[in-house]
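**Student:** Here you go, this is my_file38.cif (mmCIF, C-alpha atoms).
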data_structure
#
loop_
_atom_site.label_atom_id
_atom_site.label_comp_id
_atom_site.auth_asym_id
_atom_site.auth_seq_id
_atom_site.Cartn_x
_atom_site.Cartn_y
_atom_site.Cartn_z
CA MET A 801 14.78 7.89 -11.43
CA THR A 802 14.38 4.22 -12.41
CA GLN A 803 11.94 1.81 -10.82
CA LYS A 804 13.20 0.28 -7.56
CA ILE A 805 13.37 -3.52 -7.34
CA LEU A 806 10.59 -4.61 -4.97
CA LEU A 807 10.71 -7.41 -2.41
CA ARG A 808 7.47 -8.87 -3.74
CA GLN A 809 5.18 -8.48 -6.72
CA PRO A 810 2.57 -5.71 -6.39
CA GLU A 811 -0.72 -7.09 -5.10
CA VAL A 812 -3.14 -4.19 -5.57
CA ASN A 813 -3.87 -1.57 -8.27
CA ILE A 814 -4.53 1.99 -7.11
CA GLY A 815 -5.68 4.56 -9.65
CA THR A 816 -5.10 8.31 -9.49
CA LEU A 817 -8.03 10.45 -10.61
CA GLY A 818 -9.09 14.09 -10.75
CA HIS A 819 -9.19 17.19 -12.92
CA VAL A 820 -6.26 18.01 -15.20
CA ASP A 821 -3.34 19.74 -13.38
CA ASN A 822 -4.49 18.70 -9.91
CA GLY A 823 -1.14 16.97 -9.38
CA LYS A 824 -1.91 13.28 -9.94
CA SER A 825 1.40 12.41 -11.62
CA THR A 826 3.32 14.57 -9.13
CA ILE A 827 1.82 12.58 -6.23
CA VAL A 828 2.80 9.29 -7.89
CA GLN A 829 6.33 10.63 -8.38
CA ALA A 830 6.50 11.85 -4.76
CA ILE A 831 5.61 8.32 -3.58
CA THR A 832 7.46 6.13 -6.08
CA GLY A 833 10.28 8.34 -7.36
CA VAL A 834 9.06 7.61 -10.91
CA TRP A 835 7.34 10.10 -13.22
CA PRO A 836 4.53 7.90 -14.62
CA ALA A 837 4.08 9.85 -17.89
CA ARG A 838 6.80 8.32 -20.06
CA HIS A 839 5.56 9.20 -23.55
CA SER A 840 7.56 11.93 -25.33
CA GLU A 841 4.47 14.03 -26.08
CA GLU A 842 3.47 13.86 -22.41
CA LEU A 843 6.90 15.03 -21.30
CA ARG A 844 6.79 17.91 -23.77
CA ARG A 845 3.30 19.10 -22.82
CA GLY A 846 3.43 18.27 -19.12
CA ILE A 847 0.15 16.35 -19.06
CA THR A 848 -0.76 12.67 -18.93
CA ILE A 849 -2.05 11.46 -22.31
CA ARG A 850 -1.74 7.71 -21.99
CA ILE A 851 -2.20 5.51 -18.95
CA GLY A 852 0.87 5.87 -16.69
CA TYR A 853 2.14 3.35 -14.18
CA ALA A 854 4.62 2.93 -11.33
CA ASP A 855 5.19 0.41 -8.54
CA VAL A 856 6.26 0.97 -4.94
CA ALA A 857 6.74 -0.90 -1.67
CA ILE A 858 5.15 0.47 1.53
CA TYR A 859 6.96 0.08 4.86
CA ARG A 860 5.85 0.68 8.47
CA CYS A 861 8.05 1.83 11.34
CA PRO A 862 7.23 -0.17 14.51
CA LYS A 863 8.54 2.61 16.79
CA CYS A 864 6.90 5.78 15.43
CA GLU A 865 3.28 6.76 15.99
CA GLU A 866 0.50 6.32 13.47
CA PRO A 867 -0.26 7.91 11.06
CA PHE A 868 3.30 9.23 10.65
CA ASN A 869 5.07 5.86 10.60
CA TYR A 870 4.59 4.87 6.94
CA SER A 871 7.15 5.41 4.22
CA THR A 872 8.70 3.81 1.14
CA GLU A 873 12.08 3.34 2.85
CA GLU A 874 13.68 0.35 4.57
CA LYS A 875 14.87 2.71 7.30
CA CYS A 876 12.44 5.10 8.96
CA PRO A 877 13.09 8.68 7.78
CA ILE A 878 11.94 9.97 11.20
CA CYS A 879 13.80 7.82 13.74
CA GLY A 880 16.18 5.72 11.64
CA SER A 881 14.77 2.36 12.80
CA GLU A 882 14.46 -0.66 10.52
CA THR A 883 11.01 -0.65 8.97
CA ILE A 884 8.67 -3.58 8.27
CA PHE A 885 7.60 -4.35 4.71
CA GLU A 886 3.81 -4.11 4.45
CA ARG A 887 2.99 -4.69 0.76
CA ALA A 888 3.82 -3.63 -2.79
CA ILE A 889 1.30 -1.67 -4.86
CA SER A 890 0.91 -0.53 -8.47
CA PHE A 891 -0.28 2.96 -9.36
CA ILE A 892 -2.31 3.46 -12.54
CA ASP A 893 -2.09 7.16 -13.40
CA CYS A 894 -5.03 8.33 -15.53
CA PRO A 895 -5.30 11.48 -17.67
CA GLY A 896 -7.53 14.25 -16.31
CA HIS A 897 -8.16 16.21 -19.51
CA HIS A 898 -11.77 15.99 -20.71
CA SER A 899 -10.74 14.91 -24.21
CA LEU A 900 -9.06 11.82 -22.71
CA MET A 901 -11.99 10.59 -20.63
CA VAL A 902 -12.31 7.34 -22.57
CA THR A 903 -8.61 6.65 -21.87
CA MET A 904 -9.23 7.23 -18.17
CA LEU A 905 -12.16 4.78 -18.18
CA SER A 906 -10.02 2.03 -19.71
CA GLY A 907 -7.58 2.39 -16.81
CA ALA A 908 -10.31 2.62 -14.16
CA ALA A 909 -11.58 -0.83 -15.14
CA LEU A 910 -8.50 -2.32 -13.43
CA PHE A 911 -8.61 -0.30 -10.18
CA ASP A 912 -8.91 -2.01 -6.78
CA GLY A 913 -9.09 1.44 -5.20
CA ALA A 914 -8.32 5.06 -6.02
CA VAL A 915 -6.51 8.15 -4.80
CA PHE A 916 -8.71 11.06 -5.87
CA VAL A 917 -6.56 14.19 -6.20
CA VAL A 918 -8.11 17.62 -5.52
CA ASP A 919 -6.53 21.05 -6.06
CA ALA A 920 -7.22 23.06 -2.89
CA ARG A 921 -7.03 26.34 -4.83
CA HIS A 922 -10.20 25.69 -6.83
CA VAL A 923 -13.83 25.32 -5.83
CA PHE A 924 -14.68 21.63 -5.75
CA PRO A 925 -15.70 19.97 -7.98
CA GLN A 926 -14.06 21.11 -11.19
CA PRO A 927 -15.65 19.60 -14.34
CA GLN A 928 -13.43 16.52 -14.62
CA ASP A 929 -13.59 15.99 -10.84
CA SER A 930 -17.31 15.28 -11.13
CA GLU A 931 -16.78 13.19 -14.28
CA HIS A 932 -14.14 11.02 -12.62
CA LEU A 933 -16.23 10.63 -9.46
CA GLN A 934 -19.16 9.48 -11.58
CA ALA A 935 -16.89 7.01 -13.35
CA ILE A 936 -15.72 5.32 -10.15
CA MET A 937 -19.34 5.02 -9.03
CA ILE A 938 -20.14 3.18 -12.27
CA MET A 939 -17.15 0.88 -11.75
CA ASP A 940 -18.23 0.14 -8.14
CA ILE A 941 -14.94 1.48 -6.78
CA ASP A 942 -15.70 2.39 -3.17
CA LYS A 943 -12.19 2.14 -1.66
CA VAL A 944 -11.13 5.76 -2.13
CA VAL A 945 -8.72 8.16 -0.42
CA ILE A 946 -8.97 11.86 -1.29
CA ALA A 947 -5.65 13.73 -1.53
CA GLN A 948 -6.22 17.45 -0.93
CA ASN A 949 -3.19 18.69 -2.84
CA LYS A 950 -1.43 22.09 -3.09
CA ILE A 951 -2.14 23.19 0.49
CA ASP A 952 1.26 24.94 0.37
CA VAL A 953 -0.16 27.62 -1.96
CA VAL A 954 -3.43 28.40 -0.12
CA SER A 955 -4.30 29.94 3.22
CA LYS A 956 -5.49 27.84 6.14
CA GLU A 957 -8.97 29.33 5.67
CA ARG A 958 -9.07 28.32 1.99
CA ALA A 959 -7.85 24.78 2.81
CA LEU A 960 -10.65 24.37 5.38
CA GLN A 961 -13.20 25.81 2.97
CA ASN A 962 -12.06 23.38 0.27
CA TYR A 963 -12.33 20.51 2.77
CA ASP A 964 -15.95 21.48 3.44
CA GLU A 965 -16.65 21.67 -0.33
CA ILE A 966 -15.41 18.11 -0.76
CA ARG A 967 -17.35 16.75 2.23
CA ASN A 968 -20.58 18.44 1.13
CA TYR A 969 -20.28 17.14 -2.42
CA ILE A 970 -19.69 13.48 -1.46
CA LYS A 971 -22.03 13.37 1.58
CA THR A 972 -24.75 11.42 -0.24
CA SER A 973 -22.40 9.10 -2.15
CA LYS A 974 -21.03 5.70 -1.19
CA ILE A 975 -17.61 7.29 -0.52
CA LYS A 976 -19.04 9.82 1.96
CA ASP A 977 -16.81 8.54 4.79
CA CYS A 978 -13.56 8.31 2.85
CA PRO A 979 -10.53 10.08 4.40
CA ILE A 980 -9.35 13.45 3.08
CA ILE A 981 -5.59 13.89 3.44
CA PRO A 982 -4.14 17.45 3.10
CA LEU A 983 -0.72 17.44 1.43
CA SER A 984 1.77 19.11 -0.86
CA ALA A 985 3.06 16.67 -3.46
CA GLN A 986 5.58 19.24 -4.71
CA HIS A 987 7.23 19.45 -1.27
CA LYS A 988 6.44 15.83 -0.25
CA VAL A 989 4.55 17.05 2.83
CA GLY A 990 1.82 14.68 4.03
CA ILE A 991 2.90 11.80 1.78
CA ASN A 992 3.53 9.56 4.82
CA ILE A 993 -0.05 10.13 6.00
CA LEU A 994 -1.35 9.39 2.51
CA LEU A 995 0.52 6.06 2.61
CA TRP A 996 -1.09 5.33 6.00
CA ALA A 997 -4.53 6.05 4.52
CA ILE A 998 -3.84 3.82 1.51
CA GLN A 999 -2.90 0.99 3.85
CA LYS A 1000 -5.93 1.46 6.10
CA PHE A 1001 -8.65 2.19 3.55
CA ILE A 1002 -7.63 0.37 0.34
CA PRO A 1003 -7.21 -3.32 1.26
CA THR A 1004 -5.94 -6.00 -1.08
CA PRO A 1005 -9.01 -7.78 -2.51
CA GLY A 1006 -9.34 -11.54 -2.52
CA ARG A 1007 -7.83 -13.22 -5.58
CA ASP A 1008 -8.71 -16.55 -7.17
CA PHE A 1009 -5.48 -18.18 -8.36
CA THR A 1010 -7.25 -21.43 -9.34
CA LYS A 1011 -9.11 -19.90 -12.29
CA PRO A 1012 -7.54 -19.77 -15.77
CA PHE A 1013 -5.15 -16.88 -16.41
CA ARG A 1014 -6.85 -13.73 -17.74
CA MET A 1015 -5.40 -10.23 -18.25
CA PRO A 1016 -6.94 -7.18 -19.98
CA ILE A 1017 -4.13 -5.55 -21.98
CA LEU A 1018 -3.64 -1.93 -20.91
CA ARG A 1019 -0.36 -1.14 -22.73
CA SER A 1020 1.82 -2.84 -25.36
CA PHE A 1021 5.33 -2.09 -26.55
CA ASP A 1022 8.15 -2.75 -28.97
CA VAL A 1023 11.16 -2.62 -26.63
CA ASN A 1024 13.79 -2.86 -29.36
CA PRO A 1025 15.85 0.31 -29.99
CA PRO A 1026 16.06 1.41 -33.64
CA GLY A 1027 18.79 -0.47 -35.50
CA THR A 1028 18.71 -3.58 -33.29
CA PRO A 1029 20.34 -6.49 -35.19
CA GLY A 1030 17.84 -9.13 -36.33
CA ASN A 1031 19.36 -11.85 -34.13
CA LEU A 1032 18.92 -9.68 -31.02
CA ILE A 1033 15.33 -8.54 -31.57
CA ARG A 1034 13.04 -9.26 -28.61
CA GLY A 1035 9.40 -10.20 -28.99
CA GLY A 1036 6.48 -7.86 -28.35
CA VAL A 1037 5.57 -6.93 -24.76
CA ILE A 1038 2.04 -6.69 -23.38
CA GLY A 1039 1.21 -5.06 -20.05
CA GLY A 1040 -1.83 -5.06 -17.82
CA SER A 1041 -3.24 -6.46 -14.62
CA ILE A 1042 -4.03 -10.14 -14.15
CA ILE A 1043 -7.66 -10.29 -13.00
CA GLN A 1044 -7.70 -14.03 -12.30
CA GLY A 1045 -5.28 -16.92 -12.13
CA LYS A 1046 -1.52 -16.80 -12.74
CA ILE A 1047 0.95 -17.10 -15.60
CA LYS A 1048 4.38 -18.74 -15.92
CA VAL A 1049 7.29 -18.34 -18.31
CA GLY A 1050 6.99 -20.87 -21.13
CA GLU A 1051 3.18 -21.07 -21.08
CA GLU A 1052 1.06 -20.43 -24.16
CA ILE A 1053 -1.42 -17.56 -24.16
CA GLU A 1054 -4.28 -16.51 -26.42
CA ILE A 1055 -4.94 -12.84 -27.26
CA ALA A 1056 -8.43 -11.88 -28.45
CA PRO A 1057 -10.14 -10.41 -30.39
CA GLY A 1058 -6.67 -10.35 -31.97
CA ILE A 1059 -6.09 -8.92 -35.44
CA PRO A 1060 -8.50 -8.21 -38.32
CA LEU A 1061 -8.49 -10.70 -41.20
CA GLU A 1062 -8.92 -7.86 -43.71
CA ASP A 1063 -7.96 -4.20 -43.69
CA LYS A 1064 -11.51 -2.86 -44.03
CA PRO A 1065 -14.42 -1.87 -41.76
CA GLY A 1066 -16.52 -4.75 -40.49
CA SER A 1067 -13.75 -7.31 -40.91
CA LYS A 1068 -13.78 -10.38 -38.70
CA TYR A 1069 -10.90 -10.80 -36.23
CA GLU A 1070 -8.86 -13.84 -35.35
CA PRO A 1071 -7.12 -14.47 -32.03
CA ILE A 1072 -3.34 -14.65 -31.72
CA TYR A 1073 -1.47 -17.42 -29.95
CA THR A 1074 2.01 -16.93 -28.54
CA GLU A 1075 4.39 -18.07 -25.81
CA VAL A 1076 5.54 -16.22 -22.67
CA VAL A 1077 9.30 -15.57 -22.85
CA ASN A 1078 9.76 -13.37 -19.77
CA ILE A 1079 7.63 -11.75 -17.05
CA LYS A 1080 8.43 -8.51 -15.26
CA ALA A 1081 6.64 -7.52 -12.05
CA GLY A 1082 7.74 -5.16 -9.30
CA GLY A 1083 10.73 -4.02 -11.35
CA ARG A 1084 12.27 -7.49 -11.64
CA ASP A 1085 12.11 -10.59 -13.79
CA VAL A 1086 9.97 -13.38 -12.31
CA GLU A 1087 9.12 -16.93 -13.35
CA GLU A 1088 5.47 -16.58 -12.35
CA ALA A 1089 3.04 -13.67 -11.89
CA MET A 1090 -0.17 -13.70 -9.85
CA SER A 1091 -3.39 -11.72 -9.96
CA GLY A 1092 -3.08 -8.13 -8.74
CA GLY A 1093 -0.67 -5.33 -9.55
CA LEU A 1094 0.72 -4.51 -12.97
CA THR A 1095 2.60 -7.09 -15.01
CA GLY A 1096 4.67 -6.91 -18.20
CA ILE A 1097 4.81 -10.05 -20.34
CA GLU A 1098 7.42 -10.49 -23.08
CA THR A 1099 6.17 -12.81 -25.81
CA LYS A 1100 7.31 -14.34 -29.10
CA LEU A 1101 5.04 -11.95 -31.03
CA ASP A 1102 6.41 -9.85 -33.86
CA PRO A 1103 7.07 -6.52 -32.05
CA ALA A 1104 5.35 -4.73 -34.95
CA LEU A 1105 2.08 -6.12 -33.55
CA THR A 1106 2.63 -4.60 -30.10
CA LYS A 1107 4.27 -1.26 -30.83
CA ALA A 1108 2.63 2.01 -29.72
CA ASP A 1109 -0.10 0.32 -27.61
CA SER A 1110 -1.57 -1.43 -30.66
CA MET A 1111 -2.64 -4.42 -28.51
CA THR A 1112 -4.41 -2.26 -25.92
CA GLY A 1113 -8.02 -3.35 -25.39
CA ASN A 1114 -7.38 -7.02 -26.17
CA MET A 1115 -7.73 -9.73 -23.55
CA ALA A 1116 -4.94 -12.24 -22.89
CA GLY A 1117 -5.68 -15.58 -21.31
CA LYS A 1118 -5.23 -19.33 -21.19
CA PRO A 1119 -6.07 -20.68 -24.65
CA GLY A 1120 -9.69 -21.77 -25.01
CA THR A 1121 -10.88 -20.08 -21.81
CA LEU A 1122 -11.44 -16.46 -22.87
CA PRO A 1123 -14.95 -14.99 -22.89
CA HIS A 1124 -17.00 -14.44 -26.05
CA THR A 1125 -15.92 -12.00 -28.77
CA PHE A 1126 -18.80 -9.60 -29.41
CA TYR A 1127 -19.31 -7.86 -32.75
CA ASP A 1128 -22.73 -6.62 -31.59
CA LEU A 1129 -23.86 -5.82 -28.05
CA THR A 1130 -27.20 -5.77 -26.30
CA LEU A 1131 -27.16 -3.62 -23.18
CA GLU A 1132 -29.53 -2.90 -20.34
CA TYR A 1133 -28.66 0.72 -19.67
CA SER A 1134 -29.29 3.76 -17.50
CA LEU A 1135 -28.63 7.38 -18.40
CA PHE A 1136 -27.62 10.20 -16.08
CA LYS A 1137 -29.93 13.17 -15.73
CA TYR A 1138 -27.19 15.59 -16.77
CA VAL A 1139 -23.99 15.28 -18.81
CA VAL A 1140 -21.05 15.11 -16.40
CA GLY A 1141 -17.77 16.92 -16.87
CA VAL A 1142 -19.09 20.14 -18.40
CA LYS A 1143 -19.50 23.51 -16.67
CA GLU A 1144 -22.99 24.19 -17.98
CA LYS A 1145 -25.99 22.02 -17.06
CA ILE A 1146 -26.85 19.91 -20.10
CA GLU A 1147 -29.66 17.36 -19.83
CA VAL A 1148 -28.96 13.91 -21.23
CA VAL A 1149 -31.46 13.34 -24.04
CA PRO A 1150 -32.54 9.78 -24.90
CA ILE A 1151 -30.27 7.67 -27.07
CA ALA A 1152 -31.44 7.59 -30.70
CA GLU A 1153 -31.24 4.85 -33.31
CA LYS A 1154 -28.21 5.25 -35.63
CA GLU A 1155 -26.48 7.35 -32.98
CA PRO A 1156 -22.71 6.74 -32.60
CA LEU A 1157 -21.52 5.93 -29.06
CA VAL A 1158 -18.20 5.15 -27.39
CA LEU A 1159 -18.17 2.14 -25.06
CA ASN A 1160 -15.59 1.08 -22.45
CA VAL A 1161 -15.35 -2.54 -21.34
CA TYR A 1162 -12.32 -3.59 -19.25
CA SER A 1163 -9.37 -1.93 -21.03
CA ALA A 1164 -11.15 -1.88 -24.40
CA VAL A 1165 -12.49 1.27 -26.03
CA THR A 1166 -14.74 0.81 -29.04
CA THR A 1167 -17.30 2.78 -31.02
CA GLY A 1168 -20.64 1.54 -32.22
CA ILE A 1169 -23.86 2.52 -33.93
CA VAL A 1170 -27.20 2.01 -32.20
CA THR A 1171 -29.27 -0.36 -34.35
CA ASN A 1172 -32.27 -0.80 -32.07
CA ARG A 1173 -33.52 1.00 -28.96
CA ALA A 1174 -36.10 0.29 -26.30
CA ARG A 1175 -36.81 2.14 -23.07
CA ASP A 1176 -34.06 0.43 -21.05
CA ARG A 1177 -32.29 -1.65 -23.71
CA ILE A 1178 -30.16 -0.88 -26.76
CA GLU A 1179 -28.53 -2.96 -29.48
CA ILE A 1180 -25.22 -1.70 -30.87
CA SER A 1181 -23.17 -2.76 -33.89
CA LEU A 1182 -19.49 -2.38 -32.95
CA THR A 1183 -16.79 -1.01 -35.25
CA ARG A 1184 -14.19 -3.05 -33.32
CA PRO A 1185 -15.14 -6.23 -31.45
CA ILE A 1186 -14.59 -6.66 -27.72
CA VAL A 1187 -14.02 -9.66 -25.46
CA ALA A 1188 -16.41 -9.71 -22.52
CA GLN A 1189 -19.05 -11.80 -20.81
CA THR A 1190 -22.71 -11.45 -19.95
CA GLY A 1191 -23.19 -9.17 -16.96
CA ASP A 1192 -20.03 -7.13 -17.53
CA LYS A 1193 -20.37 -3.38 -16.97
CA VAL A 1194 -20.07 -0.96 -19.87
CA SER A 1195 -19.67 2.82 -19.68
CA ILE A 1196 -21.42 4.85 -22.37
CA SER A 1197 -20.19 8.15 -23.85
CA ARG A 1198 -21.61 10.36 -26.60
CA LYS A 1199 -20.27 13.31 -28.57
CA VAL A 1200 -21.13 16.52 -26.75
CA GLY A 1201 -19.53 19.61 -28.25
CA ALA A 1202 -15.93 18.84 -29.17
CA GLY A 1203 -15.46 15.71 -27.05
CA TRP A 1204 -16.93 12.43 -25.89
CA ARG A 1205 -18.77 12.77 -22.58
CA LEU A 1206 -19.92 10.17 -20.11
CA ILE A 1207 -23.74 9.94 -20.22
CA GLY A 1208 -24.55 6.59 -18.62
CA TYR A 1209 -23.70 2.95 -18.14
CA GLY A 1210 -25.08 -0.48 -18.82
CA LYS A 1211 -24.47 -4.21 -18.58
CA ILE A 1212 -24.16 -6.83 -21.29
CA ILE A 1213 -27.18 -9.12 -21.61
#
In structure tokens, how does this file's structure come out?

**Tutor:**
Amino acid sequence: MTQKILLRQPEVNIGTLGHVDNGKSTIVQAITGVWPARHSEELRRGITIRIGYADVAIYRCPKCEEPFNYSTEEKCPICGSETIFERAISFIDCPGHHSLMVTMLSGAALFDGAVFVVDARHVFPQPQDSEHLQAIMIMDIDKVVIAQNKIDVVSKERALQNYDEIRNYIKTSKIKDCPIIPLSAQHKVGINILLWAIQKFIPTPGRDFTKPFRMPILRSFDVNPPGTPGNLIRGGVIGGSIIQGKIKVGEEIEIAPGIPLEDKPGSKYEPIYTEVVNIKAGGRDVEEAMSGGLTGIETKLDPALTKADSMTGNMAGKPGTLPHTFYDLTLEYSLFKYVVGVKEKIEVVPIAEKEPLVLNVYSAVTTGIVTNRARDRIEISLTRPIVAQTGDKVSISRKVGAGWRLIGYGKII
């Protein structure tokens, strides 16, 4: 099914999190009608590999009782009355597989809230459940709704037991009071109550439209089919979420760090300047896009620069207003006691000089080598520069076994 045209631009980003195969993408499809995993490899394997996305409008029936009166339809599916448009939202669907944790973190940087999806069949938490919960704590995401999925394939006793497992695990966290909504995404049972919970517990945050435009780039595309005649080729498309300000068709934007000056490690980068040709938000073309929700921006860039997410991790903004480009970082950092996301209990050992690490900042993922270490401070030489500002949060992962695992977090100083 194609994306519906929305009455207004999406105003809030809601992420979906949880262990692989818990039903995150199925829940997004049950709500939006769109399967968020669009990449061919994802469709073949049935798992989310890249960040997925879908928009939807939420409506409220004035005649039916809460919490059953929310839907995505202009006519109430229960009583047939005309519904009232509440708001449009964007879903950011993140991969659950442990090997894709750094991809998940790049999406989580843009969340205003999250739907945390649990599989009622399994004892909570599964390894990536705990890893994703730790990640949203780092990102200060406290507007969370838990979707207790697959209740159609468990007994009532198991569903209640799973509910208690969830409550006990989160009882000392800052999301201890978040709602837990039992549902079956496959059969679309409980989706209306999930929409009610999203409306009640994940508000639209305040936005500052007076600041200069700024957007971390989460996806980028070449939208031209193979064989497109040269005179019909469209410019490269960048997608993400505007974190401040607004953007109009015809305005110039800067993209940084941009592209390397030389094709070799350690090369300096130079920013790219281009013009906005078209903006798509909420499934339609618009002249202007505001902060909040997901936005696609068609530019005058050579589409070879944007194909296959090659611009992901850059920052787009009003020329001359973007933060500093860092080739080296100094972080104040904290480590967890144990590595999260693994079944066995592995203590996090101190970071060592010359150790390789993976860092996530906004939508950027970069690797670096530790060049200096103190008790609560490290200096890192980056293999790929990032655009950020002092005080920004950074998640830290190290190689544990076959994959990169979240071991701590820090802030840029």

**Student:** Quick one: apply the PyMOL selection byres ((chain A and resi 1185) around 9) to the file and drop the selected residues here as a list in words.

**Tutor:**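 That selection, the PyMOL selection byres ((chain A and resi 1185) around 9), comes back as Pro1057, Lys1068, Tyr1069, Thr1125, Phe1126, Tyr1127, Asp1128, Thr1166, Leu1182, Thr1183, Arg1184, Ile1186 and Val1187 of chain A.
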
**Student:** How would you write, as a list in words, the residues chosen by the PyMOL selection byres ((chain A and resi 947) around 9) on this structure?

**Tutor:**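 For this structure, the PyMOL selection byres ((chain A and resi 947) around 9) captures Ile827, Val915, Phe916, Val917, Val918, Asp919, Val945, Ile946, Gln948, Asn949, Pro979, Ile980, Ile981, Pro982, Leu983 and Leu994 of chain A.
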
**Student:** Go ahead and write the selection's residues with C-alpha atoms as a compact mmCIF listing (two decimals), in the coordinates of the input.

**Tutor:**
# COMPACT_ATOMS: atom_id res chain seq x y z
CA ILE A 827 1.82 12.58 -6.23
CA VAL A 915 -6.51 8.15 -4.80
CA PHE A 916 -8.71 11.06 -5.87
CA VAL A 917 -6.56 14.19 -6.20
CA VAL A 918 -8.11 17.62 -5.52
CA ASP A 919 -6.53 21.05 -6.06
CA VAL A 945 -8.72 8.16 -0.42
CA ILE A 946 -8.97 11.86 -1.29
CA GLN A 948 -6.22 17.45 -0.93
CA ASN A 949 -3.19 18.69 -2.84
CA PRO A 979 -10.53 10.08 4.40
CA ILE A 980 -9.35 13.45 3.08
CA ILE A 981 -5.59 13.89 3.44
CA PRO A 982 -4.14 17.45 3.10
CA LEU A 983 -0.72 17.44 1.43
CA LEU A 994 -1.35 9.39 2.51

**Student:** Just the number, please: distance in Å from atom CA of A:Ala914 to atom CA of A:Ile814, one decimal.

**Tutor:**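 Spanning atom CA of A:Ala914 to atom CA of A:Ile814 is a straight-line distance of 5.0 Å.
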
**Student:** What residues come out when you apply the PyMOL selection byres ((chain A and resi 1012-1018) around 9) to this file, written as a PyMOL selection string?

**Tutor:** chain A and resi 851+906-907+910+1009-1011+1019-1020+1038-1047+1053+1090-1091+1109+1111-1118+1121-1122+1162-1164

**Student:** Env of A:Pro1150: 12 Å cut, atoms = only C-alpha atoms, seq-sep filter 5 positions within chain, self excluded. Answer as a PDB file with C-alpha atoms, in the coordinates of the input.

**Tutor:**
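Wrote it out as result.pdb, contents follow:
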ATOM      1  CA  TYR A1133     -28.660   0.720 -19.670  1.00  0.00           C
ATOM      2  CA  SER A1134     -29.290   3.760 -17.500  1.00  0.00           C
ATOM      3  CA  LEU A1135     -28.630   7.380 -18.400  1.00  0.00           C
ATOM      4  CA  PHE A1136     -27.620  10.200 -16.080  1.00  0.00           C
ATOM      5  CA  LYS A1137     -29.930  13.170 -15.730  1.00  0.00           C
ATOM      6  CA  TYR A1138     -27.190  15.590 -16.770  1.00  0.00           C
ATOM      7  CA  VAL A1139     -23.990  15.280 -18.810  1.00  0.00           C
ATOM      8  CA  GLU A1155     -26.480   7.350 -32.980  1.00  0.00           C
ATOM      9  CA  VAL A1170     -27.200   2.010 -32.200  1.00  0.00           C
ATOM     10  CA  ARG A1173     -33.520   1.000 -28.960  1.00  0.00           C
ATOM     11  CA  ALA A1174     -36.100   0.290 -26.300  1.00  0.00           C
ATOM     12  CA  ARG A1175     -36.810   2.140 -23.070  1.00  0.00           C
ATOM     13  CA  ASP A1176     -34.060   0.430 -21.050  1.00  0.00           C
ATOM     14  CA  ARG A1177     -32.290  -1.650 -23.710  1.00  0.00           C
ATOM     15  CA  ILE A1178     -30.160  -0.880 -26.760  1.00  0.00           C
ATOM     16  CA  ARG A1198     -21.610  10.360 -26.600  1.00  0.00           C
ATOM     17  CA  ILE A1207     -23.740   9.940 -20.220  1.00  0.00           C
ATOM     18  CA  GLY A1208     -24.550   6.590 -18.620  1.00  0.00           C
TER      19      GLY A1208
END

**Student:** Name the residues in contact with A:Phe1021 at a cut-off of 8 Å, using only C-alpha atoms, excluding same-chain residues fewer than 4 positions from it; report them as a PDB file with C-alpha atoms, in the coordinates of the input.

**Tutor:**
ATOM      1  CA  GLY A1036       6.480  -7.860 -28.350  1.00  0.00           C
ATOM      2  CA  VAL A1037       5.570  -6.930 -24.760  1.00  0.00           C
ATOM      3  CA  ILE A1038       2.040  -6.690 -23.380  1.00  0.00           C
ATOM      4  CA  PRO A1103       7.070  -6.520 -32.050  1.00  0.00           C
ATOM      5  CA  THR A1106       2.630  -4.600 -30.100  1.00  0.00           C
ATOM      6  CA  LYS A1107       4.270  -1.260 -30.830  1.00  0.00           C
ATOM      7  CA  ALA A1108       2.630   2.010 -29.720  1.00  0.00           C
ATOM      8  CA  ASP A1109      -0.100   0.320 -27.610  1.00  0.00           C
TER       9      ASP A1109
END

**Student:** Between atom CA of A:Arg860 and atom CA of A:Arg1007, what distance in Å does the model show, to one decimal?

**Tutor:**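 According to the coordinates, atom CA of A:Arg860 and atom CA of A:Arg1007 are separated by 24.0 Å.
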
**Student:** Check the smallest atom-to-atom distance from each of A:Ala997, A:Val856, A:Ala1056, A:Leu817 to A:Thr832 using only C-alpha atoms, then report the winner.

**Tutor:**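 Under the stated criterion, the closest residue is A:Val856.
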
**Student:** Residues around (-20.7, -12.7, -16.1), cut-off 12 Å, counting only C-alpha atoms - what are they as a list in words?

**Tutor:**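 Those residues lying close to the given coordinates are Pro1123, His1124, Val1187, Ala1188, Gln1189, Thr1190, Gly1191, Asp1192, Lys1193, Lys1211, Ile1212 and Ile1213 of chain A.
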
**Student:** Given all atoms listed in the file as the basis, pick out the residue of A:Thr1099, A:Gln928, A:Ser1110, A:Asn1031 nearest to A:Thr1074.

**Tutor:**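 Going through A:Thr1099, A:Gln928, A:Ser1110, A:Asn1031 one by one, the smallest distance to A:Thr1074 is for A:Thr1099.
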
**Student:** Within 10 Å of (-16.1, 7.2, -12.7) (file coordinates; all atoms listed in the file), which protein or nucleic acid residues are there? I'd like them as a ChimeraX atom specification.

**Tutor:** /A:817,901,904-905,908-909,928-941,1195,1206

**Student:** Under the rule that all atoms listed in the file are counted, which of A:His922, A:Pro836, A:Val944, A:Lys950 is the nearest residue to A:Asn962?

**Tutor:**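 For A:Asn962, the nearest of the candidates is A:His922.
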